[in-house]
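File shown here: upload.pdb, holding PDB, C-alpha atoms and all ligand atoms.
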ATOM      1  CA  MET K1107     -32.166 -39.281 -65.188
ATOM      2  CA  GLY K1108     -35.003 -40.885 -63.238
ATOM      3  CA  GLY K1109     -37.084 -37.769 -63.314
ATOM      4  CA  SER K1110     -35.645 -34.306 -63.245
ATOM      5  CA  GLY K1111     -36.213 -31.798 -66.028
ATOM      6  CA  TYR K1112     -38.218 -31.912 -69.241
ATOM      7  CA  ARG K1113     -38.444 -29.683 -72.264
ATOM      8  CA  ILE K1114     -41.836 -30.082 -73.920
ATOM      9  CA  THR K1115     -42.463 -28.437 -77.284
ATOM     10  CA  VAL K1116     -45.849 -28.292 -78.996
ATOM     11  CA  LEU K1117     -45.129 -29.190 -82.634
ATOM     12  CA  VAL K1118     -48.743 -29.428 -83.814
ATOM     13  CA  GLU K1119     -51.897 -27.961 -82.349
ATOM     14  CA  ASN K1120     -55.141 -26.433 -83.609
ATOM     15  CA  THR K1121     -53.662 -22.966 -83.267
ATOM     16  CA  VAL K1122     -50.292 -21.323 -83.802
ATOM     17  CA  GLY K1123     -48.715 -19.137 -81.166
ATOM     18  CA  VAL K1124     -45.457 -18.101 -82.799
ATOM     19  CA  ALA K1125     -45.226 -16.252 -86.115
ATOM     20  CA  ALA K1126     -42.315 -18.333 -87.392
ATOM     21  CA  GLY K1127     -43.651 -20.206 -90.399
ATOM     22  CA  LEU K1128     -45.659 -22.678 -88.322
ATOM     23  CA  ILE K1129     -48.880 -24.252 -89.611
ATOM     24  CA  GLY K1130     -51.841 -24.943 -87.347
ATOM     25  CA  GLU K1131     -53.988 -28.041 -87.895
ATOM     26  CA  PHE K1132     -56.606 -29.924 -85.908
ATOM     27  CA  GLY K1133     -54.401 -32.313 -83.991
ATOM     28  CA  GLN K1134     -51.732 -32.763 -81.393
ATOM     29  CA  CYS K1135     -48.018 -33.567 -81.510
ATOM     30  CA  LEU K1136     -45.616 -32.960 -78.631
ATOM     31  CA  LEU K1137     -41.876 -33.447 -78.313
ATOM     32  CA  ILE K1138     -40.710 -34.452 -74.836
ATOM     33  CA  GLU K1139     -36.963 -34.064 -74.305
ATOM     34  CA  THR K1140     -35.210 -35.395 -71.215
ATOM     35  CA  GLU K1141     -31.652 -36.440 -70.446
ATOM     36  CA  GLY K1142     -32.881 -39.989 -71.114
ATOM     37  CA  GLY K1143     -33.901 -39.266 -74.699
ATOM     38  CA  LYS K1144     -36.356 -37.598 -77.040
ATOM     39  CA  ILE K1145     -39.889 -38.897 -77.216
ATOM     40  CA  LEU K1146     -42.457 -37.815 -79.766
ATOM     41  CA  PHE K1147     -46.011 -38.052 -78.441
ATOM     42  CA  ASP K1148     -48.456 -38.275 -81.367
ATOM     43  CA  THR K1149     -47.940 -36.832 -84.840
ATOM     44  CA  GLY K1150     -50.829 -34.466 -85.563
ATOM     45  CA  GLY K1151     -53.199 -35.071 -88.463
ATOM     46  CA  ARG K1152     -51.657 -34.102 -91.778
ATOM     47  CA  GLY K1153     -47.894 -34.209 -91.497
ATOM     48  CA  TRP K1154     -47.313 -30.548 -90.643
ATOM     49  CA  LEU K1155     -45.078 -31.636 -87.765
ATOM     50  CA  VAL K1156     -42.240 -31.915 -90.306
ATOM     51  CA  ASN K1157     -42.655 -28.277 -91.406
ATOM     52  CA  ASN K1158     -43.150 -27.045 -87.856
ATOM     53  CA  ALA K1159     -40.129 -28.882 -86.448
ATOM     54  CA  LEU K1160     -37.993 -27.402 -89.224
ATOM     55  CA  ALA K1161     -39.316 -23.903 -88.500
ATOM     56  CA  LEU K1162     -38.509 -24.357 -84.813
ATOM     57  CA  GLY K1163     -35.009 -25.726 -85.481
ATOM     58  CA  ILE K1164     -35.869 -29.187 -84.133
ATOM     59  CA  ASP K1165     -34.282 -32.218 -85.813
ATOM     60  CA  LEU K1166     -36.888 -34.998 -85.878
ATOM     61  CA  LYS K1167     -34.197 -37.484 -86.970
ATOM     62  CA  THR K1168     -32.898 -37.443 -83.396
ATOM     63  CA  VAL K1169     -36.197 -38.673 -81.878
ATOM     64  CA  ASP K1170     -35.667 -41.984 -80.008
ATOM     65  CA  ALA K1171     -39.236 -43.248 -79.684
ATOM     66  CA  LEU K1172     -42.785 -42.463 -80.785
ATOM     67  CA  VAL K1173     -45.707 -42.928 -78.397
ATOM     68  CA  MET K1174     -49.264 -42.946 -79.763
ATOM     69  CA  SER K1175     -52.008 -41.708 -77.430
ATOM     70  CA  HIS K1176     -54.846 -43.359 -79.403
ATOM     71  CA  GLY K1177     -56.023 -44.212 -82.892
ATOM     72  CA  HIS K1178     -57.699 -40.973 -83.986
ATOM     73  CA  PHE K1179     -56.563 -39.395 -87.266
ATOM     74  CA  ASP K1180     -55.712 -36.051 -85.677
ATOM     75  CA  HIS K1181     -52.969 -37.763 -83.635
ATOM     76  CA  SER K1182     -51.899 -40.473 -86.079
ATOM     77  CA  GLY K1183     -52.220 -38.852 -89.529
ATOM     78  CA  GLY K1184     -48.653 -37.504 -89.412
ATOM     79  CA  MET K1185     -47.102 -40.927 -88.752
ATOM     80  CA  GLN K1186     -46.103 -41.617 -92.351
ATOM     81  CA  ALA K1187     -44.508 -38.199 -92.856
ATOM     82  CA  PHE K1188     -42.572 -38.599 -89.608
ATOM     83  CA  LEU K1189     -41.486 -42.202 -90.245
ATOM     84  CA  ARG K1190     -40.298 -41.422 -93.784
ATOM     85  CA  LEU K1191     -38.066 -38.738 -92.317
ATOM     86  CA  ARG K1192     -36.932 -40.568 -89.186
ATOM     87  CA  GLY K1193     -36.661 -44.189 -90.330
ATOM     88  CA  ARG K1194     -36.966 -47.216 -88.063
ATOM     89  CA  LEU K1195     -37.763 -46.568 -84.385
ATOM     90  CA  PRO K1196     -39.912 -48.056 -81.600
ATOM     91  CA  VAL K1197     -43.571 -46.986 -81.689
ATOM     92  CA  TYR K1198     -45.525 -47.580 -78.489
ATOM     93  CA  ALA K1199     -49.267 -48.088 -78.880
ATOM     94  CA  HIS K1200     -52.141 -50.040 -77.364
ATOM     95  CA  PRO K1201     -53.224 -53.260 -79.152
ATOM     96  CA  ASP K1202     -56.565 -51.567 -80.049
ATOM     97  CA  PHE K1203     -54.784 -48.692 -81.798
ATOM     98  CA  PHE K1204     -56.000 -49.756 -85.262
ATOM     99  CA  ALA K1205     -59.651 -50.372 -84.257
ATOM    100  CA  PRO K1206     -62.199 -48.701 -86.586
ATOM    101  CA  ARG K1207     -63.364 -45.331 -85.229
ATOM    102  CA  PHE K1208     -66.166 -43.004 -86.202
ATOM    103  CA  ASN K1209     -67.775 -39.707 -85.244
ATOM    104  CA  ALA K1210     -71.576 -39.699 -85.574
ATOM    105  CA  ALA K1211     -71.533 -35.893 -85.799
ATOM    106  CA  GLY K1212     -68.785 -35.677 -88.405
ATOM    107  CA  LYS K1213     -69.102 -34.808 -92.093
ATOM    108  CA  ASN K1214     -66.564 -37.572 -92.698
ATOM    109  CA  PRO K1215     -67.535 -40.109 -90.060
ATOM    110  CA  TYR K1216     -64.334 -42.228 -90.283
ATOM    111  CA  ILE K1217     -61.817 -40.788 -87.833
ATOM    112  CA  GLY K1218     -59.456 -43.732 -87.248
ATOM    113  CA  VAL K1219     -55.786 -44.200 -88.169
ATOM    114  CA  PRO K1220     -55.535 -43.373 -91.890
ATOM    115  CA  PHE K1221     -52.890 -46.072 -92.535
ATOM    116  CA  CYS K1222     -52.809 -49.828 -92.142
ATOM    117  CA  ARG K1223     -50.279 -51.403 -89.823
ATOM    118  CA  GLU K1224     -48.229 -52.966 -92.632
ATOM    119  CA  GLU K1225     -47.846 -49.607 -94.341
ATOM    120  CA  LEU K1226     -46.429 -48.051 -91.174
ATOM    121  CA  VAL K1227     -44.148 -51.028 -90.508
ATOM    122  CA  SER K1228     -42.797 -50.655 -94.068
ATOM    123  CA  SER K1229     -42.022 -47.022 -93.290
ATOM    124  CA  GLY K1230     -40.073 -47.933 -90.160
ATOM    125  CA  ALA K1231     -42.527 -48.396 -87.269
ATOM    126  CA  ASP K1232     -41.304 -51.043 -84.842
ATOM    127  CA  PHE K1233     -44.582 -51.415 -82.976
ATOM    128  CA  VAL K1234     -44.429 -52.182 -79.271
ATOM    129  CA  PHE K1235     -48.021 -52.932 -78.306
ATOM    130  CA  THR K1236     -48.643 -52.590 -74.610
ATOM    131  CA  GLN K1237     -51.662 -52.688 -72.312
ATOM    132  CA  GLU K1238     -49.532 -52.402 -69.185
ATOM    133  CA  PRO K1239     -47.711 -49.332 -67.876
ATOM    134  CA  ALA K1240     -44.127 -49.228 -69.171
ATOM    135  CA  GLU K1241     -41.204 -47.050 -68.079
ATOM    136  CA  ILE K1242     -39.717 -46.336 -71.514
ATOM    137  CA  ARG K1243     -37.008 -43.971 -70.258
ATOM    138  CA  PRO K1244     -35.927 -43.311 -66.671
ATOM    139  CA  GLY K1245     -38.827 -41.420 -65.094
ATOM    140  CA  VAL K1246     -40.963 -41.497 -68.255
ATOM    141  CA  TRP K1247     -43.923 -43.884 -68.298
ATOM    142  CA  VAL K1248     -46.420 -44.878 -70.942
ATOM    143  CA  SER K1249     -49.651 -45.308 -68.971
ATOM    144  CA  GLY K1250     -50.888 -48.516 -70.592
ATOM    145  CA  GLU K1251     -54.649 -49.032 -70.440
ATOM    146  CA  VAL K1252     -56.226 -46.643 -67.942
ATOM    147  CA  PRO K1253     -58.707 -48.245 -65.500
ATOM    148  CA  ARG K1254     -62.072 -46.440 -65.466
ATOM    149  CA  LYS K1255     -62.754 -45.754 -61.796
ATOM    150  CA  THR K1256     -64.789 -42.538 -61.633
ATOM    151  CA  ASP K1257     -68.547 -42.610 -62.139
ATOM    152  CA  PHE K1258     -68.651 -39.228 -63.896
ATOM    153  CA  GLU K1259     -66.411 -39.649 -66.953
ATOM    154  CA  PRO K1260     -68.552 -41.276 -69.680
ATOM    155  CA  GLY K1261     -66.710 -39.309 -72.376
ATOM    156  CA  ASP K1262     -67.899 -38.066 -75.747
ATOM    157  CA  SER K1263     -71.120 -39.876 -76.726
ATOM    158  CA  ARG K1264     -70.737 -39.029 -80.444
ATOM    159  CA  LEU K1265     -67.726 -41.316 -80.869
ATOM    160  CA  TYR K1266     -68.272 -44.947 -81.782
ATOM    161  CA  THR K1267     -66.599 -48.094 -83.038
ATOM    162  CA  LEU K1268     -67.987 -51.256 -84.641
ATOM    163  CA  ARG K1269     -68.609 -54.704 -83.249
ATOM    164  CA  GLY K1270     -69.177 -56.657 -86.444
ATOM    165  CA  GLU K1271     -71.696 -54.480 -88.304
ATOM    166  CA  GLU K1272     -73.065 -52.983 -85.121
ATOM    167  CA  ARG K1273     -72.234 -49.545 -83.712
ATOM    168  CA  MET K1274     -71.094 -49.356 -80.105
ATOM    169  CA  ALA K1275     -69.763 -46.482 -77.991
ATOM    170  CA  ASP K1276     -65.995 -46.383 -78.441
ATOM    171  CA  PRO K1277     -64.531 -47.761 -75.191
ATOM    172  CA  PHE K1278     -61.134 -46.165 -75.993
ATOM    173  CA  ARG K1279     -59.177 -48.923 -74.306
ATOM    174  CA  ASP K1280     -56.281 -47.627 -76.403
ATOM    175  CA  ASP K1281     -56.266 -44.161 -74.809
ATOM    176  CA  MET K1282     -52.784 -43.841 -73.289
ATOM    177  CA  SER K1283     -50.978 -40.940 -71.669
ATOM    178  CA  ILE K1284     -47.416 -40.213 -70.597
ATOM    179  CA  TYR K1285     -46.400 -39.795 -66.960
ATOM    180  CA  CYS K1286     -43.219 -37.824 -66.241
ATOM    181  CA  VAL K1287     -41.610 -38.077 -62.823
ATOM    182  CA  THR K1288     -40.314 -34.684 -61.668
ATOM    183  CA  PRO K1289     -38.795 -33.515 -58.369
ATOM    184  CA  LEU K1290     -41.963 -31.446 -57.824
ATOM    185  CA  GLY K1291     -44.380 -34.307 -58.493
ATOM    186  CA  LEU K1292     -46.139 -36.020 -61.362
ATOM    187  CA  LEU K1293     -46.444 -34.353 -64.762
ATOM    188  CA  VAL K1294     -49.283 -35.882 -66.803
ATOM    189  CA  VAL K1295     -49.160 -35.479 -70.589
ATOM    190  CA  VAL K1296     -52.405 -36.378 -72.365
ATOM    191  CA  GLY K1297     -53.345 -36.802 -76.025
ATOM    192  CA  CYS K1298     -57.135 -36.489 -76.023
ATOM    193  CA  ALA K1299     -57.878 -37.874 -72.522
ATOM    194  CA  HIS K1300     -60.686 -40.123 -73.773
ATOM    195  CA  ALA K1301     -60.159 -42.303 -70.680
ATOM    196  CA  GLY K1302     -61.193 -39.317 -68.543
ATOM    197  CA  LEU K1303     -58.732 -36.808 -67.136
ATOM    198  CA  VAL K1304     -59.375 -37.832 -63.520
ATOM    199  CA  ASN K1305     -59.007 -41.548 -64.306
ATOM    200  CA  ILE K1306     -55.744 -40.766 -66.127
ATOM    201  CA  ILE K1307     -54.279 -38.664 -63.308
ATOM    202  CA  GLU K1308     -55.287 -41.186 -60.627
ATOM    203  CA  HIS K1309     -53.729 -44.035 -62.638
ATOM    204  CA  GLY K1310     -50.550 -41.978 -62.977
ATOM    205  CA  ARG K1311     -50.333 -41.532 -59.218
ATOM    206  CA  GLU K1312     -50.648 -45.286 -58.809
ATOM    207  CA  VAL K1313     -48.178 -46.202 -61.552
ATOM    208  CA  THR K1314     -45.439 -43.772 -60.478
ATOM    209  CA  GLY K1315     -46.085 -43.838 -56.732
ATOM    210  CA  LEU K1316     -46.185 -40.028 -56.739
ATOM    211  CA  ALA K1317     -49.105 -38.621 -54.745
ATOM    212  CA  LYS K1318     -48.307 -35.026 -55.607
ATOM    213  CA  VAL K1319     -49.364 -33.882 -59.064
ATOM    214  CA  TYR K1320     -47.178 -31.118 -60.483
ATOM    215  CA  GLY K1321     -49.015 -30.494 -63.727
ATOM    216  CA  VAL K1322     -51.122 -31.511 -66.709
ATOM    217  CA  LEU K1323     -50.452 -30.792 -70.372
ATOM    218  CA  GLY K1324     -52.360 -31.713 -73.531
ATOM    219  CA  GLY K1325     -55.828 -32.317 -74.947
ATOM    220  CA  THR K1326     -58.350 -32.883 -72.162
ATOM    221  CA  HIS K1327     -61.518 -33.303 -74.298
ATOM    222  CA  LEU K1328     -63.243 -31.412 -71.473
ATOM    223  CA  GLY K1329     -65.165 -29.114 -73.793
ATOM    224  CA  MET K1330     -66.919 -32.068 -75.448
ATOM    225  CA  VAL K1331     -68.141 -34.087 -72.465
ATOM    226  CA  PRO K1332     -71.362 -33.833 -70.420
ATOM    227  CA  PRO K1333     -71.676 -30.903 -67.965
ATOM    228  CA  ALA K1334     -71.469 -33.235 -64.927
ATOM    229  CA  GLN K1335     -68.102 -34.538 -66.140
ATOM    230  CA  GLN K1336     -66.887 -30.990 -66.734
ATOM    231  CA  GLU K1337     -67.920 -29.749 -63.282
ATOM    232  CA  ASN K1338     -66.602 -32.801 -61.412
ATOM    233  CA  THR K1339     -63.288 -32.645 -63.273
ATOM    234  CA  ILE K1340     -62.859 -28.931 -62.581
ATOM    235  CA  ALA K1341     -63.644 -29.497 -58.886
ATOM    236  CA  TYR K1342     -61.070 -32.317 -58.822
ATOM    237  CA  LEU K1343     -58.426 -30.104 -60.472
ATOM    238  CA  ARG K1344     -59.079 -27.247 -58.057
ATOM    239  CA  ASN K1345     -58.717 -29.618 -55.150
ATOM    240  CA  LEU K1346     -55.551 -31.084 -56.658
ATOM    241  CA  SER K1347     -54.102 -27.595 -57.014
ATOM    242  CA  PRO K1348     -51.380 -28.346 -59.589
ATOM    243  CA  GLN K1349     -48.672 -25.796 -60.366
ATOM    244  CA  PHE K1350     -49.041 -26.078 -64.144
ATOM    245  CA  ILE K1351     -52.022 -26.648 -66.469
ATOM    246  CA  ALA K1352     -51.620 -26.350 -70.237
ATOM    247  CA  ALA K1353     -54.871 -27.701 -71.692
ATOM    248  CA  ASN K1354     -55.093 -27.405 -75.470
ATOM    249  CA  HIS K1355     -56.472 -29.094 -78.627
ATOM    250  CA  CYS K1356     -59.765 -30.933 -77.873
ATOM    251  CA  THR K1357     -60.214 -28.969 -74.630
ATOM    252  CA  GLY K1358     -62.059 -26.459 -76.829
ATOM    253  CA  LEU K1359     -61.762 -22.692 -76.729
ATOM    254  CA  ALA K1360     -64.632 -22.023 -74.296
ATOM    255  CA  MET K1361     -63.207 -24.501 -71.764
ATOM    256  CA  ILE K1362     -59.667 -23.189 -72.298
ATOM    257  CA  VAL K1363     -60.931 -19.693 -71.440
ATOM    258  CA  ARG K1364     -62.749 -21.013 -68.376
ATOM    259  CA  LEU K1365     -59.699 -22.915 -67.098
ATOM    260  CA  ALA K1366     -57.501 -19.890 -67.757
ATOM    261  CA  SER K1367     -59.764 -17.667 -65.682
ATOM    262  CA  LEU K1368     -60.116 -20.258 -62.897
ATOM    263  CA  PHE K1369     -56.431 -21.135 -62.586
ATOM    264  CA  GLY K1370     -54.838 -17.762 -63.348
ATOM    265  CA  PRO K1371     -51.058 -17.915 -63.852
ATOM    266  CA  VAL K1372     -51.059 -21.698 -63.307
ATOM    267  CA  PHE K1373     -52.802 -22.005 -66.682
ATOM    268  CA  ARG K1374     -50.634 -21.749 -69.799
ATOM    269  CA  PHE K1375     -51.753 -21.520 -73.415
ATOM    270  CA  ALA K1376     -50.166 -24.313 -75.484
ATOM    271  CA  PRO K1377     -50.460 -23.649 -79.236
ATOM    272  CA  ALA K1378     -47.994 -24.911 -81.877
ATOM    273  CA  GLY K1379     -44.623 -23.363 -81.152
ATOM    274  CA  ALA K1380     -45.077 -23.187 -77.365
ATOM    275  CA  GLY K1381     -42.266 -24.689 -75.325
ATOM    276  CA  PHE K1382     -42.149 -25.425 -71.609
ATOM    277  CA  THR K1383     -39.190 -26.265 -69.390
ATOM    278  CA  LEU K1384     -40.662 -28.269 -66.534
ATOM    279  CA  PRO K1385     -40.834 -28.237 -63.663
ATOM    280  CA  ALA K1386     -40.423 -24.475 -63.783
ATOM    281  CA  GLU K1387     -38.576 -22.924 -60.849
TER
HETATM  282 FE    FE V   1     -57.589 -35.275 -80.638
HETATM  283 FE    FE V   2     -59.302 -38.328 -79.957
END
In structure tokens, how does this file's structure come out?
Ligand SMILES: [Fe+2]
Ligand SMILES: [Fe+2]
Amino acid sequence: MGGSGYRITVLVENTVGVAAGLIGEFGQCLLIETEGGKILFDTGGRGWLVNNALALGIDLKTVDALVMSHGHFDHSGGMQAFLRLRGRLPVYAHPDFFAPRFNAAGKNPYIGVPFCREELVSSGADFVFTQEPAEIRPGVWVSGEVPRKTDFEPGDSRLYTLRGEERMADPFRDDMSIYCVTPLGLLVVVGCAHAGLVNIIEHGREVTGLAKVYGVLGGTHLGMVPPAQQENTIAYLRNLSPQFIAANHCTGLAMIVRLASLFGPVFRFAPAGAGFTLPAE
């Protein structure tokens, strides 16, 4: 299609918006449907995507490709459940996807992918590891590694990885997003936005050649970053003036409320069960 319409359904999110047998869980899983195919973006944390898809009348066996935003459990924990149902399919991820990941503030500090690569390959994952942007369907891009260009997006200081035995701040080189080309501009779909929302949007403009940004959907992590990053990002978004913002998951409730009040009808709540036909007329 080369970029016209998209149907995006939230299969897993921290909250549930439709009383239809859906289960909420800390995590994110989105289905992106275009004329060019069906792409699953992340899998949530505990496999509830299978239940939720069934409740919404969505057949996960028809998904063409899985894209992984990064190696946190709340995005990757549903991979086994999905692969067992779907069988073999391409899975796009960054080479650092399986790096060890921890949260210094967590009760259970390990927060990485809860499976080893071999286990997922046995269940049907045909991994396509990429650091470069890749157009996986006409008008649909996997971002590849996002260059860090802003000086105000250090991210969440509680999250770390290991170099040998030593702790170091997680650089999240594996944080990838999806860029959808639409007739009204760029639609940016983020998992947890650990690379920084502004870095991600700017990279998307470069990759797709679209200066105009139509909208942003997904986990922005904005509620969990330093105040300077929050204020600079909000100022950037206001200046950008997109037509659609659906920040959910790790955005955090307080920040969701703030964005909703700042952006009015441009802001849309995106719990499990929400569906968006984009760009909206
Ligand atoms: Fe997340
Ligand atoms: Fe994350």
- [ ] For ligand FE 1 (chain V), collect every residue having any atom at a distance of at most 9 Å from a ligand atom (counting all atoms listed in the file); output as a PyMOL selection string.
- [x] chain K and resi 1132-1134+1150-1151+1176+1178-1181+1297-1300+1325-1327+1355-1356
TODO: Grab the CA of Leu1268 (chain K) to CA of Glu1224 (chain K) distance for me, in Å with one decimal place.
DONE: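 Those two atoms sit 21.4 Å apart.
For the choices K:Leu1162, K:Ala1301, K:Ala1171, K:Val1197, the atom-to-atom distance to ligand FE 2 (chain V) is smallest for K:Ala1301 when using only C-alpha atoms and all ligand atoms.
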- [ ] Name the closest residue to Arg1243 (chain K) among the candidates K:Thr1140, K:Thr1357, K:Asn1158, K:Thr1383; distances are taken between atoms, counting all atoms listed in the file.
- [x]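 Checking each candidate against Arg1243 (chain K), we get K:Thr1140 as the closest.
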TODO: Check the smallest atom-to-atom distance from each of K:Phe1258, K:Phe1278, K:Phe1350, K:Phe1369 to Phe1203 (chain K) using only C-alpha atoms, then report the winner.
DONE: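 Closest to Phe1203 (chain K) of all the choices is K:Phe1278.
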TODO: Apply the PyMOL selection byres (((chain K and resi 1328-1344) around 10) and not hetatm) to the file shown and report the selected residues as an MDAnalysis selection string.
DONE: chainID K and resid 1256:1264 1298:1300 1302:1305 1307 1319 1321:1322 1325:1327 1345:1348 1351 1353:1362 1364:1365 1368:1369
Let's have the selection written as a compact mmCIF listing (two decimals), in the frame of the given file, with C-alpha atoms.
# COMPACT_ATOMS: atom_id res chain seq x y z
CA THR K 1256 -64.79 -42.54 -61.63
CA ASP K 1257 -68.55 -42.61 -62.14
CA PHE K 1258 -68.65 -39.23 -63.90
CA GLU K 1259 -66.41 -39.65 -66.95
CA PRO K 1260 -68.55 -41.28 -69.68
CA GLY K 1261 -66.71 -39.31 -72.38
CA ASP K 1262 -67.90 -38.07 -75.75
CA SER K 1263 -71.12 -39.88 -76.73
CA ARG K 1264 -70.74 -39.03 -80.44
CA CYS K 1298 -57.14 -36.49 -76.02
CA ALA K 1299 -57.88 -37.87 -72.52
CA HIS K 1300 -60.69 -40.12 -73.77
CA GLY K 1302 -61.19 -39.32 -68.54
CA LEU K 1303 -58.73 -36.81 -67.14
CA VAL K 1304 -59.38 -37.83 -63.52
CA ASN K 1305 -59.01 -41.55 -64.31
CA ILE K 1307 -54.28 -38.66 -63.31
CA VAL K 1319 -49.36 -33.88 -59.06
CA GLY K 1321 -49.02 -30.49 -63.73
CA VAL K 1322 -51.12 -31.51 -66.71
CA GLY K 1325 -55.83 -32.32 -74.95
CA THR K 1326 -58.35 -32.88 -72.16
CA HIS K 1327 -61.52 -33.30 -74.30
CA ASN K 1345 -58.72 -29.62 -55.15
CA LEU K 1346 -55.55 -31.08 -56.66
CA SER K 1347 -54.10 -27.60 -57.01
CA PRO K 1348 -51.38 -28.35 -59.59
CA ILE K 1351 -52.02 -26.65 -66.47
CA ALA K 1353 -54.87 -27.70 -71.69
CA ASN K 1354 -55.09 -27.40 -75.47
CA HIS K 1355 -56.47 -29.09 -78.63
CA CYS K 1356 -59.76 -30.93 -77.87
CA THR K 1357 -60.21 -28.97 -74.63
CA GLY K 1358 -62.06 -26.46 -76.83
CA LEU K 1359 -61.76 -22.69 -76.73
CA ALA K 1360 -64.63 -22.02 -74.30
CA MET K 1361 -63.21 -24.50 -71.76
CA ILE K 1362 -59.67 -23.19 -72.30
CA ARG K 1364 -62.75 -21.01 -68.38
CA LEU K 1365 -59.70 -22.92 -67.10
CA LEU K 1368 -60.12 -20.26 -62.90
CA PHE K 1369 -56.43 -21.14 -62.59
Carefully work through the PyMOL selection byres (((chain K and resi 1240) around 10) and not hetatm) for this structure and note down the residues it includes, as a short mmCIF file (atom, residue, chain, number, x, y, z; two decimals) with C-alpha atoms, in the frame of the given file.
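Result went into out.cif, see below:
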data_model
loop_
_atom_site.label_atom_id
_atom_site.label_comp_id
_atom_site.auth_asym_id
_atom_site.auth_seq_id
_atom_site.Cartn_x
_atom_site.Cartn_y
_atom_site.Cartn_z
CA TYR K 1198 -45.52 -47.58 -78.49
CA THR K 1236 -48.64 -52.59 -74.61
CA GLN K 1237 -51.66 -52.69 -72.31
CA GLU K 1238 -49.53 -52.40 -69.18
CA PRO K 1239 -47.71 -49.33 -67.88
CA GLU K 1241 -41.20 -47.05 -68.08
CA ILE K 1242 -39.72 -46.34 -71.51
CA ARG K 1243 -37.01 -43.97 -70.26
CA VAL K 1246 -40.96 -41.50 -68.26
CA TRP K 1247 -43.92 -43.88 -68.30
CA VAL K 1248 -46.42 -44.88 -70.94
CA SER K 1249 -49.65 -45.31 -68.97
CA GLY K 1250 -50.89 -48.52 -70.59
CA ILE K 1284 -47.42 -40.21 -70.60
CA TYR K 1285 -46.40 -39.80 -66.96
CA VAL K 1313 -48.18 -46.20 -61.55
#
Open item on the list: One number please: CA of Leu1265 (chain K) to CA of Phe1208 (chain K), in Å, one decimal.
Closed with: 5.8 Å
TODO: Give me, please, the distance in Å between CA of Ala1366 (chain K) and CA of Leu1137 (chain K), quoted to one decimal.
DONE: 23.2 Å
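With all atoms listed in the file as the basis for measurement, K:Ile1217 is the residue among K:Ala1352, K:Ala1386, K:Val1295, K:Ile1217 that approaches ligand FE 2 (chain V) most closely.
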TODO: Go through K:Gly1245, K:Gly1324, K:Gly1270, K:Gly1130 and flag the residue nearest ligand FE 2 (chain V), using all atoms listed in the file for the distances.
DONE: K:Gly1324
TODO: Decode the PyMOL selection byres (((chain K and resi 1186) around 12) and not hetatm) for the given file into explicit residues and return them as a ChimeraX atom specification.
DONE: /K:1148-1156,1179,1181-1185,1187-1194,1219-1231
Open item on the list: Restricting the calculation to all atoms listed in the file: of K:Val1372, K:Leu1195, K:Met1174, K:Leu1384, which residue gets closest to ligand FE 2 (chain V)?
Closed with: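 The answer is K:Met1174, which sits nearest to ligand FE 2 (chain V).
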Open item on the list: Please list as a VMD selection string every residue within 10 Å of Val1234 (chain K), counting all atoms listed in the file and excluding residues in the same chain fewer than 5 positions away.
Closed with: chain K and resid 1172 to 1173 1196 to 1201
Coordinates of box centre and edge lengths for region 1160-1172 of chain K, 8 Å on every side, axis-aligned, as JSON:
{"center_x": -37.8, "center_y": -33.6, "center_z": -84.5, "size_x": 25.9, "size_y": 35.3, "size_z": 25.5}
